[in-house]
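Shown here: structure.cif, mmCIF, C-alpha atoms.
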```cif
data_input
#
loop_
_atom_site.label_atom_id
_atom_site.label_comp_id
_atom_site.auth_asym_id
_atom_site.auth_seq_id
_atom_site.Cartn_x
_atom_site.Cartn_y
_atom_site.Cartn_z
CA MET A 1 86.10 29.95 123.33
CA LYS A 2 89.58 29.06 122.26
CA SER A 3 90.23 25.42 123.08
CA LEU A 4 86.96 24.94 124.87
CA ARG A 5 85.57 23.26 121.82
CA TYR A 6 88.58 21.42 120.33
CA GLY A 7 90.53 24.73 120.14
CA GLY A 8 94.25 24.10 119.95
CA LEU A 9 93.69 20.54 118.71
CA LEU A 10 91.94 21.87 115.66
CA ALA A 11 94.66 24.36 114.91
CA ALA A 12 97.07 21.49 114.62
CA VAL A 13 94.97 19.11 112.56
CA LEU A 14 92.59 21.17 110.46
CA LEU A 15 93.35 23.17 107.37
CA ALA A 16 91.70 26.54 106.94
CA THR A 17 88.85 26.27 104.47
CA THR A 18 88.07 28.94 101.97
CA ALA A 19 84.59 29.94 100.98
CA CYS A 20 82.88 27.38 98.80
CA ALA A 21 81.51 30.09 96.51
CA GLY A 22 84.17 32.74 96.87
CA ALA A 23 85.20 34.48 100.10
CA GLY A 24 82.40 36.70 101.28
CA GLY A 25 80.05 35.31 98.69
CA GLY A 26 79.65 35.95 95.03
CA GLY A 27 78.36 32.60 93.84
CA GLY A 28 74.75 31.98 92.92
CA ASP A 29 71.91 34.46 92.74
CA ALA A 30 72.96 37.42 94.88
CA GLY A 31 69.32 38.32 95.40
CA ASN A 32 68.51 34.92 96.85
CA SER A 33 71.72 34.09 98.66
CA ILE A 34 73.36 34.82 101.99
CA ASN A 35 76.97 35.07 103.12
CA VAL A 36 77.94 33.11 106.22
CA LEU A 37 81.22 33.53 108.11
CA MET A 38 82.01 30.73 110.53
CA VAL A 39 84.70 28.97 112.54
CA ASN A 40 86.30 25.86 111.04
CA ASN A 41 85.34 23.38 113.75
CA PRO A 42 84.31 19.90 112.53
CA GLN A 43 80.59 20.43 113.10
CA MET A 44 80.66 23.58 110.97
CA GLN A 45 82.47 21.74 108.23
CA ASP A 46 79.73 19.11 108.32
CA LEU A 47 77.16 21.90 108.03
CA GLN A 48 78.96 23.31 105.01
CA LYS A 49 78.87 19.91 103.30
CA LEU A 50 75.16 19.33 104.00
CA THR A 51 73.79 22.77 103.12
CA ALA A 52 73.53 22.67 99.32
CA ASP A 53 71.80 19.28 99.07
CA ASN A 54 69.36 20.04 101.86
CA PHE A 55 68.80 23.67 102.86
CA THR A 56 69.42 25.19 99.41
CA LYS A 57 67.50 22.41 97.68
CA ASP A 58 64.47 23.03 99.93
CA THR A 59 64.54 26.84 100.04
CA GLY A 60 66.33 27.93 96.88
CA ILE A 61 68.65 30.08 99.02
CA THR A 62 72.33 29.78 98.12
CA VAL A 63 74.71 29.93 101.08
CA ASN A 64 78.19 31.32 100.44
CA PHE A 65 80.44 30.15 103.27
CA THR A 66 83.70 31.63 104.50
CA VAL A 67 85.24 29.21 106.99
CA LEU A 68 88.33 30.24 108.98
CA PRO A 69 90.36 29.18 112.04
CA GLU A 70 89.07 30.51 115.35
CA ASN A 71 91.42 33.43 115.92
CA ASP A 72 91.08 34.56 112.30
CA VAL A 73 87.32 34.29 112.23
CA ARG A 74 86.94 36.24 115.49
CA ASP A 75 89.00 39.09 114.04
CA LYS A 76 87.10 39.10 110.75
CA ILE A 77 83.68 38.98 112.46
CA SER A 78 84.65 41.81 114.78
CA GLN A 79 85.81 43.96 111.89
CA ASP A 80 82.74 43.36 109.71
CA PHE A 81 80.13 43.62 112.46
CA SER A 82 81.68 46.61 114.25
CA SER A 83 81.79 48.58 111.01
CA GLN A 84 78.36 47.26 110.00
CA ALA A 85 79.81 46.70 106.55
CA GLY A 86 77.18 44.08 105.87
CA GLN A 87 79.49 41.83 103.88
CA TYR A 88 78.34 38.86 105.94
CA ASP A 89 74.71 38.25 106.83
CA VAL A 90 75.37 35.54 109.42
CA ALA A 91 78.38 34.73 111.61
CA THR A 92 79.30 32.27 114.34
CA ILE A 93 79.58 34.09 117.64
CA SER A 94 79.73 32.72 121.17
CA ASN A 95 77.93 33.56 124.38
CA TYR A 96 80.91 35.78 125.19
CA GLU A 97 80.45 38.06 122.17
CA THR A 98 76.66 37.98 121.86
CA PRO A 99 75.70 40.34 124.73
CA ILE A 100 78.57 42.70 123.82
CA TYR A 101 77.61 42.83 120.14
CA ALA A 102 73.94 43.24 121.03
CA LYS A 103 74.69 46.17 123.32
CA ASN A 104 76.66 47.82 120.52
CA GLY A 105 73.74 47.44 118.12
CA TRP A 106 75.55 45.09 115.76
CA LEU A 107 73.02 42.22 115.83
CA THR A 108 69.44 41.73 114.65
CA PRO A 109 67.03 40.79 117.48
CA LEU A 110 65.55 37.39 116.71
CA ASP A 111 62.42 37.39 118.89
CA ASP A 112 60.02 38.33 116.08
CA TYR A 113 61.43 35.61 113.84
CA VAL A 114 61.15 33.05 116.64
CA ALA A 115 57.56 34.03 117.33
CA LYS A 116 56.56 33.47 113.68
CA ASP A 117 58.63 30.29 113.18
CA THR A 118 56.39 27.67 114.78
CA GLY A 119 58.73 24.84 113.81
CA PHE A 120 61.80 26.23 115.56
CA ASP A 121 60.73 25.41 119.14
CA GLN A 122 62.63 27.97 121.20
CA ASP A 123 61.39 26.35 124.42
CA ASP A 124 63.40 23.24 123.51
CA VAL A 125 66.69 25.18 123.76
CA LEU A 126 68.37 24.46 127.10
CA GLU A 127 67.67 27.32 129.47
CA PRO A 128 71.30 28.25 130.33
CA ILE A 129 72.19 28.33 126.61
CA ARG A 130 69.14 30.46 125.77
CA GLN A 131 69.85 32.77 128.68
CA SER A 132 73.49 33.22 127.66
CA LEU A 133 72.39 34.41 124.20
CA THR A 134 69.88 36.89 125.61
CA ALA A 135 71.00 40.49 126.09
CA ALA A 136 70.23 42.89 128.92
CA ASP A 137 67.17 44.14 127.04
CA GLY A 138 65.62 40.69 127.31
CA LYS A 139 65.84 39.96 123.59
CA VAL A 140 67.48 36.92 121.97
CA TYR A 141 70.30 37.84 119.57
CA ALA A 142 71.73 34.47 118.51
CA GLN A 143 70.70 30.84 118.20
CA PRO A 144 73.00 27.99 119.28
CA PHE A 145 74.59 25.53 116.90
CA TYR A 146 76.11 23.48 119.71
CA GLY A 147 76.91 23.95 123.37
CA GLU A 148 79.15 22.57 126.07
CA SER A 149 79.88 22.69 129.75
CA SER A 150 82.69 21.24 131.87
CA PHE A 151 82.93 18.14 134.00
CA LEU A 152 85.38 15.67 135.50
CA MET A 153 86.55 12.70 133.44
CA TYR A 154 88.39 9.88 135.18
CA ARG A 155 89.74 6.38 134.65
CA LYS A 156 87.20 4.30 136.48
CA ASP A 157 89.36 1.20 136.13
CA VAL A 158 92.31 2.94 137.82
CA LEU A 159 90.15 4.16 140.71
CA ASP A 160 88.57 0.72 141.08
CA ALA A 161 92.00 -0.90 141.32
CA LYS A 162 92.80 1.46 144.19
CA GLY A 163 89.47 0.83 145.89
CA LEU A 164 88.36 4.41 145.26
CA THR A 165 84.91 5.69 144.31
CA MET A 166 84.35 9.05 142.65
CA PRO A 167 81.23 10.85 143.94
CA GLU A 168 78.82 12.05 141.25
CA ASN A 169 79.18 15.56 142.69
CA PRO A 170 82.71 15.69 144.13
CA THR A 171 84.34 18.54 145.98
CA TRP A 172 87.71 19.85 144.83
CA GLN A 173 89.20 18.58 148.09
CA GLN A 174 87.99 15.06 147.27
CA VAL A 175 89.41 15.32 143.77
CA ALA A 176 92.79 16.45 145.12
CA GLU A 177 92.87 13.54 147.55
CA ILE A 178 92.04 11.04 144.79
CA ALA A 179 94.63 12.64 142.50
CA ALA A 180 97.29 12.05 145.14
CA ARG A 181 96.27 8.42 145.60
CA VAL A 182 96.20 7.51 141.90
CA ASP A 183 99.40 9.40 141.05
CA GLY A 184 101.73 6.66 139.83
CA ALA A 185 98.96 4.03 139.78
CA GLN A 186 100.33 2.94 136.40
CA PRO A 187 103.83 3.53 134.99
CA GLY A 188 104.17 7.18 133.96
CA MET A 189 100.65 8.08 135.08
CA LYS A 190 99.98 11.32 136.95
CA GLY A 191 96.91 12.04 139.04
CA ILE A 192 95.16 14.75 137.02
CA CYS A 193 95.43 17.01 134.00
CA LEU A 194 94.56 20.69 134.41
CA ARG A 195 95.26 23.36 131.82
CA GLY A 196 98.33 25.47 132.50
CA GLN A 197 98.80 26.99 129.06
CA PRO A 198 98.39 30.79 129.02
CA GLY A 199 95.25 32.17 127.42
CA TRP A 200 91.92 33.62 128.53
CA GLY A 201 90.25 30.54 127.03
CA GLN A 202 92.97 28.13 128.12
CA LEU A 203 94.23 28.25 131.72
CA MET A 204 91.79 30.95 132.80
CA ALA A 205 88.69 28.98 131.80
CA PRO A 206 88.98 26.10 134.28
CA LEU A 207 90.75 28.23 136.89
CA THR A 208 87.96 30.82 136.91
CA THR A 209 85.40 28.10 137.64
CA VAL A 210 87.57 27.06 140.59
CA VAL A 211 87.74 30.68 141.75
CA ASN A 212 83.95 30.94 141.56
CA THR A 213 83.28 27.90 143.71
CA PHE A 214 85.97 28.83 146.26
CA GLY A 215 83.99 32.04 146.79
CA GLY A 216 86.08 34.40 144.69
CA THR A 217 85.30 36.69 141.77
CA TRP A 218 87.19 38.89 139.32
CA PHE A 219 85.10 41.95 140.21
CA THR A 220 82.48 42.88 142.77
CA LYS A 221 79.10 44.18 141.64
CA ASP A 222 80.37 47.77 141.97
CA TRP A 223 83.51 47.07 139.93
CA ARG A 224 86.17 46.50 142.55
CA ALA A 225 88.93 44.17 141.40
CA GLN A 226 89.29 41.11 143.65
CA LEU A 227 92.31 39.19 142.38
CA ASP A 228 94.19 39.78 145.60
CA SER A 229 91.25 38.72 147.78
CA PRO A 230 91.69 35.72 150.13
CA GLU A 231 89.20 33.64 148.11
CA PHE A 232 90.83 34.28 144.73
CA LYS A 233 94.23 33.59 146.25
CA GLU A 234 93.07 30.38 147.94
CA ALA A 235 91.55 29.03 144.72
CA THR A 236 94.59 29.90 142.61
CA THR A 237 96.99 28.44 145.18
CA PHE A 238 94.92 25.25 145.30
CA TYR A 239 94.94 24.93 141.50
CA VAL A 240 98.65 25.68 141.13
CA ASP A 241 99.64 23.36 144.00
CA LEU A 242 97.47 20.53 142.64
CA VAL A 243 98.85 20.66 139.13
CA ARG A 244 102.43 21.05 140.37
CA ALA A 245 102.14 18.12 142.79
CA HIS A 246 100.03 15.64 140.83
CA GLY A 247 99.47 17.17 137.39
CA GLU A 248 100.69 16.34 133.92
CA ALA A 249 104.23 16.75 132.67
CA GLY A 250 104.76 20.08 130.91
CA ALA A 251 101.75 21.62 132.61
CA PRO A 252 102.67 25.27 131.82
CA GLN A 253 102.27 24.44 128.11
CA ALA A 254 99.29 22.11 128.43
CA GLY A 255 95.91 23.14 127.05
CA PHE A 256 92.89 21.19 125.85
CA ALA A 257 94.75 19.32 123.12
CA GLU A 258 97.64 18.30 125.37
CA CYS A 259 95.33 17.09 128.15
CA LEU A 260 93.28 15.16 125.60
CA ASN A 261 96.43 13.42 124.42
CA ASN A 262 97.54 12.73 127.99
CA MET A 263 94.19 11.20 128.89
CA THR A 264 93.99 9.17 125.68
CA GLN A 265 97.52 7.83 126.13
CA GLY A 266 97.02 6.85 129.76
CA LYS A 267 99.39 9.47 131.13
CA VAL A 268 96.82 10.90 133.58
CA ALA A 269 94.04 9.32 135.63
CA MET A 270 91.68 12.34 135.69
CA TRP A 271 90.92 15.43 133.67
CA TYR A 272 88.67 18.42 134.37
CA ASP A 273 87.68 20.10 131.11
CA ALA A 274 85.01 20.54 128.42
CA THR A 275 82.18 18.03 128.11
CA VAL A 276 82.97 17.75 124.40
CA ALA A 277 86.12 15.82 125.28
CA ALA A 278 84.04 12.84 126.37
CA GLY A 279 82.99 12.00 122.83
CA LEU A 280 86.63 12.03 121.72
CA LEU A 281 87.72 9.82 124.60
CA GLU A 282 84.89 7.37 123.91
CA ALA A 283 85.46 7.28 120.14
CA GLU A 284 85.75 3.86 118.51
CA ASP A 285 89.50 4.22 118.02
CA SER A 286 90.26 5.60 121.50
CA PRO A 287 92.55 3.42 123.66
CA VAL A 288 90.57 4.39 126.77
CA LYS A 289 87.09 3.78 125.38
CA GLY A 290 84.95 1.99 127.99
CA LYS A 291 87.38 2.68 130.83
CA LEU A 292 86.02 6.07 131.84
CA GLY A 293 83.69 7.54 134.40
CA PHE A 294 82.22 11.04 134.43
CA ALA A 295 81.27 13.33 137.32
CA GLN A 296 79.99 16.87 137.68
CA ALA A 297 82.43 19.78 137.94
CA PRO A 298 83.96 19.78 141.44
CA VAL A 299 82.63 22.34 143.93
CA VAL A 300 83.49 23.93 147.26
CA LYS A 301 81.01 26.67 148.24
CA THR A 302 78.58 26.55 145.30
CA ASP A 303 76.07 23.92 144.17
CA SER A 304 77.60 23.81 140.70
CA SER A 305 80.71 25.18 139.05
CA ALA A 306 80.56 24.01 135.44
CA TRP A 307 81.25 26.53 132.70
CA LEU A 308 79.01 27.28 129.75
CA TYR A 309 79.98 27.86 126.13
CA THR A 310 78.17 27.83 122.83
CA TRP A 311 78.95 28.57 119.24
CA ALA A 312 75.84 30.27 117.88
CA PHE A 313 74.63 32.07 114.77
CA GLY A 314 73.94 35.80 114.85
CA ILE A 315 72.53 37.96 112.06
CA GLN A 316 74.29 41.24 111.35
CA LYS A 317 72.08 44.29 111.89
CA ALA A 318 73.22 45.74 108.56
CA SER A 319 72.18 42.65 106.62
CA LYS A 320 69.77 43.37 103.79
CA ARG A 321 68.81 39.70 103.63
CA ALA A 322 67.79 39.10 107.24
CA ASP A 323 64.72 37.05 106.31
CA ASN A 324 66.78 34.56 104.31
CA ALA A 325 69.45 34.66 107.02
CA TRP A 326 66.87 33.64 109.62
CA LYS A 327 65.73 30.71 107.48
CA PHE A 328 69.31 29.44 107.50
CA VAL A 329 69.79 30.03 111.23
CA SER A 330 66.49 28.30 112.00
CA TRP A 331 67.48 25.30 109.89
CA ALA A 332 71.03 24.98 111.26
CA SER A 333 69.94 25.39 114.88
CA GLY A 334 66.82 23.27 114.59
CA LYS A 335 65.87 19.73 115.55
CA GLY A 336 65.56 18.70 111.92
CA TYR A 337 69.22 19.43 111.25
CA GLU A 338 70.27 17.22 114.17
CA GLU A 339 68.21 14.39 112.71
CA LEU A 340 69.80 14.97 109.31
CA VAL A 341 73.30 14.71 110.80
CA GLY A 342 72.43 11.61 112.77
CA LYS A 343 71.00 9.78 109.78
CA THR A 344 73.65 10.84 107.25
CA LEU A 345 76.86 11.24 109.27
CA GLY A 346 76.23 9.28 112.45
CA TRP A 347 74.67 10.16 115.81
CA SER A 348 78.04 10.67 117.48
CA LYS A 349 78.57 13.68 115.17
CA LEU A 350 75.49 15.53 116.38
CA PRO A 351 76.03 19.25 117.18
CA ASP A 352 74.75 18.56 120.68
CA GLY A 353 74.56 20.49 123.94
CA LYS A 354 71.82 22.93 122.96
CA ARG A 355 68.40 21.22 122.97
CA LYS A 356 66.51 19.19 125.54
CA SER A 357 65.18 16.91 122.82
CA THR A 358 68.72 15.83 121.89
CA TYR A 359 68.96 13.96 125.16
CA GLN A 360 65.69 12.18 124.48
CA ARG A 361 66.83 10.71 121.16
CA PRO A 362 67.46 6.98 121.69
CA GLU A 363 69.96 6.90 118.82
CA TYR A 364 72.03 9.69 120.36
CA LEU A 365 71.86 8.15 123.83
CA ALA A 366 73.07 4.86 122.40
CA ALA A 367 76.07 6.62 120.86
CA GLY A 368 76.93 8.66 123.98
CA GLY A 369 75.39 6.58 126.72
CA SER A 370 78.37 6.67 129.04
CA PHE A 371 78.49 10.46 129.29
CA ALA A 372 75.33 11.99 127.74
CA GLU A 373 73.42 12.22 131.01
CA GLN A 374 76.29 13.87 132.87
CA ALA A 375 76.93 16.28 129.99
CA GLU A 376 73.27 17.31 129.88
CA ALA A 377 73.22 17.80 133.65
CA ALA A 378 76.38 19.94 133.48
CA ILE A 379 74.89 22.25 130.85
CA ALA A 380 71.50 22.41 132.53
CA GLY A 381 73.09 23.27 135.88
CA ALA A 382 75.35 26.04 134.58
CA LYS A 383 74.55 29.52 135.92
CA PRO A 384 75.99 32.18 133.60
CA THR A 385 74.44 35.09 135.52
CA ASP A 386 75.00 33.67 139.01
CA PRO A 387 78.14 31.51 139.01
CA GLY A 388 79.47 32.31 142.46
CA VAL A 389 78.54 33.39 145.97
CA GLN A 390 78.15 37.09 145.21
CA GLU A 391 76.52 39.29 142.56
CA ARG A 392 78.58 40.07 139.47
CA PRO A 393 78.75 43.22 137.33
CA ALA A 394 78.80 41.18 134.09
CA SER A 395 77.62 37.75 133.01
CA GLY A 396 79.90 34.79 132.39
CA ILE A 397 81.15 31.75 134.27
CA GLN A 398 84.64 31.06 132.90
CA PHE A 399 85.00 34.61 131.61
CA VAL A 400 83.86 38.12 132.46
CA GLY A 401 81.49 39.39 129.79
CA ILE A 402 83.31 42.60 128.91
CA PRO A 403 85.42 43.35 125.82
CA GLU A 404 88.55 43.95 127.90
CA PHE A 405 88.58 40.41 129.26
CA THR A 406 90.33 38.90 126.26
CA ASP A 407 93.42 40.97 126.99
CA LEU A 408 93.09 41.02 130.78
CA GLY A 409 92.46 37.30 131.06
CA THR A 410 95.40 36.48 128.82
CA GLN A 411 97.80 38.70 130.76
CA VAL A 412 96.71 37.24 134.10
CA SER A 413 96.97 33.71 132.74
CA GLN A 414 100.57 34.32 131.71
CA LYS A 415 101.48 35.26 135.27
CA ILE A 416 99.69 32.27 136.81
CA SER A 417 101.20 29.91 134.24
CA ALA A 418 104.59 31.23 135.35
CA ALA A 419 103.65 30.26 138.91
CA ILE A 420 102.84 26.73 137.70
CA ALA A 421 106.26 26.68 136.05
CA GLY A 422 107.85 27.78 139.34
CA SER A 423 109.35 31.01 138.02
CA THR A 424 107.16 33.17 140.27
CA THR A 425 104.81 32.77 143.22
CA VAL A 426 101.04 32.87 143.29
CA ASP A 427 101.18 35.90 145.59
CA ALA A 428 103.41 37.80 143.19
CA ALA A 429 101.35 36.77 140.16
CA LEU A 430 98.10 37.92 141.75
CA GLU A 431 99.59 41.16 143.06
CA GLU A 432 100.57 42.12 139.51
CA SER A 433 97.25 40.84 138.17
CA GLN A 434 95.27 42.91 140.67
CA ALA A 435 96.81 46.07 139.27
CA LEU A 436 95.81 45.08 135.74
CA ALA A 437 92.26 44.24 136.82
CA GLU A 438 91.91 47.47 138.78
CA THR A 439 92.76 49.48 135.66
CA VAL A 440 89.86 47.79 133.86
CA ALA A 441 87.53 48.16 136.85
CA ALA A 442 88.23 51.88 137.14
CA LYS A 443 86.93 52.42 133.60
CA TYR A 444 83.60 50.83 134.49
CA ARG A 445 83.20 52.52 137.87
CA GLY A 446 83.18 55.82 136.02
CA LYS A 447 80.33 54.82 133.72
#
```
Show this structure as structure tokens.
Amino acid sequence: MKSLRYGGLLAAVLLATTACAGAGGGGGDAGNSINVLMVNNPQMQDLQKLTADNFTKDTGITVNFTVLPENDVRDKISQDFSSQAGQYDVATISNYETPIYAKNGWLTPLDDYVAKDTGFDQDDVLEPIRQSLTAADGKVYAQPFYGESSFLMYRKDVLDAKGLTMPENPTWQQVAEIAARVDGAQPGMKGICLRGQPGWGQLMAPLTTVVNTFGGTWFTKDWRAQLDSPEFKEATTFYVDLVRAHGEAGAPQAGFAECLNNMTQGKVAMWYDATVAAGLLEAEDSPVKGKLGFAQAPVVKTDSSAWLYTWAFGIQKASKRADNAWKFVSWASGKGYEELVGKTLGWSKLPDGKRKSTYQRPEYLAAGGSFAEQAEAAIAGAKPTDPGVQERPASGIQFVGIPEFTDLGTQVSQKISAAIAGSTTVDAALEESQALAETVAAKYRGK
């Protein structure tokens, strides 16, 4: 999801990479090669570098990569898979796209491959991740490359100086109280950073988890829009009031990258966001390394509220090289690849968040000891099919698993971001948003 895994930060610091053997393939033996289309996140770039000397050397299968920025790669994958053109055998898709693509018949079911591949160890994949890549027919359609959840990161030293203790499982009310008390604890420091930048994967990601735990939902089980419900309004008001009162400067433009910078530079005392941020904050060159504490995503009415996201590999149904494609997917998603990365690139660069065994590796735990346990607990506790207090018509925690959500979520986020900026009210933003959501809901009620 945009900015859940680096997102906007990457757009600013990474250059788009072209295919190492020609876009869409063309290098090597076409009969013993596959074409892979993937997002240009750092872990994928590591994979690209390691493939020839390891996977290709062992299997004889040439991999022709096309590596693009997130928005571009989503568009290209959608075009190729929806038309079943078959230009690409494998593509990076998330747990948002996987069930949608599977329902449309664009993906190859992987269950038979898993059953025959005794070395893959499907049972080792974390249950919420595996579940999120399983379609309504009960079949698995993608395998994870890495996964993430969300949790609360905070300056333990700042809280200690104020005599404050963060519970391991805080409520949002406790977080708001602490944010007020640490606001101004150091010169220029605000209490908390929360995304305010418009986007279905920016502002709407954390806010939707808040809505879930306050008892709200985008849609009821029978497709009734609920954005003007008391629970949705209470959650949104809480979020907007908190970020306006004790949040970062420039909140209406702040996304993952901006909050990361604020936290790194000591401009905020707390941050609720993706678990992947912890590794960046605890990096060797980080000014706040060793000063942080980590807690589970804050709750109100639910036991957990953390989101779930994974970049995974799916095989196009039209692929004529599915067997070779599976060999690549199995290798890239397997335990052996993690060990390869750890030994060659460093354990902090592991594509983590997908396997139970990752959190049993002493080398990995040594590299991420301050946050690994909390990150694993966040992912393990995520409930993509049951994130709130009522049944949902579609899966998803920080999103609604329907194609229309990319547009709907973005439009709603623009209105709520305007409320954070003070140019409209929450009531007005949600009244307009309810009409947008009802238009989507009406389409599904008729099905």
Dump as CSV the rows for residues of stretch 305-348 of chain A within 8 Å of stretch 145-164 of chain A: closest atom pair and distance in Å with one decimal, all atoms listed in the file counted, ordered by chain and rising residue number.
```
residue,atom,partner,partner_atom,distance
A:Ala306,CA,A:Ser150,CA,5.0
A:Trp307,CA,A:Ser149,CA,5.0
A:Leu308,CA,A:Ser149,CA,4.7
A:Tyr309,CA,A:Glu148,CA,5.4
A:Thr310,CA,A:Gly147,CA,4.1
A:Trp311,CA,A:Phe145,CA,5.8
A:Ala312,CA,A:Phe145,CA,5.0
A:Phe313,CA,A:Phe145,CA,6.9
A:Ala332,CA,A:Phe145,CA,6.7
A:Ser333,CA,A:Phe145,CA,5.1
```
For A:Met263, which of A:Pro298, A:Gly86, A:Gly188, A:Gly369 is the closest residue, counting only C-alpha atoms?
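Of all the options, A:Gly188 lies closest to A:Met263.
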Which is closer to A:Trp223 than all the others in A:Tyr337, A:Trp331, A:Tyr444, A:Tyr272, using only C-alpha atoms?
A:Tyr444
Skipping near chain neighbours, those fewer than 3 positions away, what residues fall within 10 Å of A:Pro384 using all atoms listed in the file, listed as a PyMOL selection string?
chain A and resi 95+128-129+131-132+306-309+381+387-388+394-401
Rounded to one decimal place, report the atom CA of A:Tyr364-atom CA of A:Gly336 distance in Å.
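Separation of atom CA of A:Tyr364 and atom CA of A:Gly336: 13.9 Å.
Here atom CA of A:Asn64 stands at a distance of 27.5 Å from atom CA of A:Lys103.
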Chain and number of each residue from the PyMOL selection byres ((chain A and resi 99) around 12), as a ChimeraX atom specification
/A:93-98,100-109,130-142,314,394-396,400-403
Selected residue of minimal separation from A:Trp200 among A:Gln253, A:Thr59, A:Gln414, A:Gln173, counting only C-alpha atoms
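So, comparing all the options, the nearest one is A:Gln414.
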Please report as a tab-separated table every residue of stretch 295-352 of chain A lying within 8 Å of stretch 42-45 of chain A, along with the nearest atom pair and their distance in Å (one decimal), using all atoms listed in the file.
```
residue	atom	partner	partner_atom	distance
A:Lys349	CA	A:Gln43	CA	7.3
A:Leu350	CA	A:Gln43	CA	7.8
A:Pro351	CA	A:Gln43	CA	6.2
```
Store the residues picked out above, limited to C-alpha atoms, as an mmCIF file, in the frame of the given file.
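Output below, filename result-v7.cif:
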```cif
data_model
loop_
_atom_site.group_PDB
_atom_site.id
_atom_site.type_symbol
_atom_site.label_atom_id
_atom_site.label_comp_id
_atom_site.auth_asym_id
_atom_site.auth_seq_id
_atom_site.Cartn_x
_atom_site.Cartn_y
_atom_site.Cartn_z
ATOM 1 C CA LYS A 349 78.570 13.680 115.170
ATOM 2 C CA LEU A 350 75.490 15.530 116.380
ATOM 3 C CA PRO A 351 76.030 19.250 117.180
#
```
Which residue is closest to A:Ser370? Choose from A:Glu438, A:Glu168, A:Glu282, A:Asp352 and count all atoms listed in the file.
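Once distances to A:Ser370 are computed over all atoms listed in the file, the minimum belongs to A:Glu282.
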What does the distance between atom CA of A:Gly250 and atom CA of A:Ala278 come to in Å, to one decimal place?
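Between atom CA of A:Gly250 and atom CA of A:Ala278 the gap works out to 22.4 Å.
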Excluding stretch 207-216 of chain A and its own-chain neighbours fewer than 4 positions away, which residues fall within 8 Å of it when counting all atoms listed in the file? Please give them as a list in words.
Leu203, Gln226, Ser229, Pro230, Glu231, Phe232, Glu234, Ala235, Thr236, Tyr239, Val299, Val300, Lys301, Thr302, Ser304, Ser305, Ala306, Trp307, Pro387, Gly388, Val389, Gln390, Ile397, Gln398 and Phe399 of chain A
Taking into account all atoms listed in the file, which residue in the set A:Pro393, A:Gly255, A:Gly266, A:Gly247 is nearest to A:Gln197?
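For A:Gln197, the nearest of the given residues is A:Gly255.
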With all atoms listed in the file as the counted atoms, please give the residues lying no more than 10 Å from A:Val73, apart from itself and same-chain residues fewer than 5 positions off, as a tab-separated table (two decimals) with C-alpha atoms, keeping the file's coordinate frame.
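Printed below is selection.tsv as written:
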```tsv
chain	number	residue	atom	x	y	z
A	37	LEU	CA	81.22	33.53	108.11
A	38	MET	CA	82.01	30.73	110.53
A	39	VAL	CA	84.70	28.97	112.54
A	40	ASN	CA	86.30	25.86	111.04
A	66	THR	CA	83.70	31.63	104.50
A	67	VAL	CA	85.24	29.21	106.99
A	68	LEU	CA	88.33	30.24	108.98
A	78	SER	CA	84.65	41.81	114.78
A	79	GLN	CA	85.81	43.96	111.89
A	91	ALA	CA	78.38	34.73	111.61
A	92	THR	CA	79.30	32.27	114.34
A	93	ILE	CA	79.58	34.09	117.64
```
Kindly complete stretch 361-370 of chain A to N, CA and C atoms; the output should be written as a JSON list (two decimals), in the frame of the given file.
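Here's the written file part.json:
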```json
[["chain", "number", "residue", "atom", "x", "y", "z"],
["A", 361, "ARG", "N", 66.70, 11.52, 122.37],
["A", 361, "ARG", "CA", 66.83, 10.71, 121.16],
["A", 361, "ARG", "C", 67.52, 9.39, 121.51],
["A", 362, "PRO", "N", 66.84, 8.26, 121.34],
["A", 362, "PRO", "CA", 67.46, 6.98, 121.69],
["A", 362, "PRO", "C", 68.73, 6.70, 120.90],
["A", 363, "GLU", "N", 68.77, 7.16, 119.63],
["A", 363, "GLU", "CA", 69.96, 6.90, 118.82],
["A", 363, "GLU", "C", 71.17, 7.66, 119.36],
["A", 364, "TYR", "N", 70.94, 8.90, 119.80],
["A", 364, "TYR", "CA", 72.03, 9.69, 120.36],
["A", 364, "TYR", "C", 72.48, 9.11, 121.70],
["A", 365, "LEU", "N", 71.53, 8.70, 122.53],
["A", 365, "LEU", "CA", 71.86, 8.15, 123.83],
["A", 365, "LEU", "C", 72.63, 6.84, 123.69],
["A", 366, "ALA", "N", 72.33, 6.10, 122.63],
["A", 366, "ALA", "CA", 73.07, 4.86, 122.40],
["A", 366, "ALA", "C", 74.51, 5.17, 122.02],
["A", 367, "ALA", "N", 74.72, 6.26, 121.28],
["A", 367, "ALA", "CA", 76.07, 6.62, 120.86],
["A", 367, "ALA", "C", 76.87, 7.24, 122.00],
["A", 368, "GLY", "N", 76.22, 7.98, 122.89],
["A", 368, "GLY", "CA", 76.93, 8.66, 123.98],
["A", 368, "GLY", "C", 76.43, 8.27, 125.35],
["A", 369, "GLY", "N", 76.02, 7.03, 125.48],
["A", 369, "GLY", "CA", 75.39, 6.58, 126.72],
["A", 369, "GLY", "C", 76.22, 6.73, 127.96],
["A", 370, "SER", "N", 77.54, 6.63, 127.84],
["A", 370, "SER", "CA", 78.37, 6.67, 129.04],
["A", 370, "SER", "C", 78.51, 8.07, 129.62]]
```
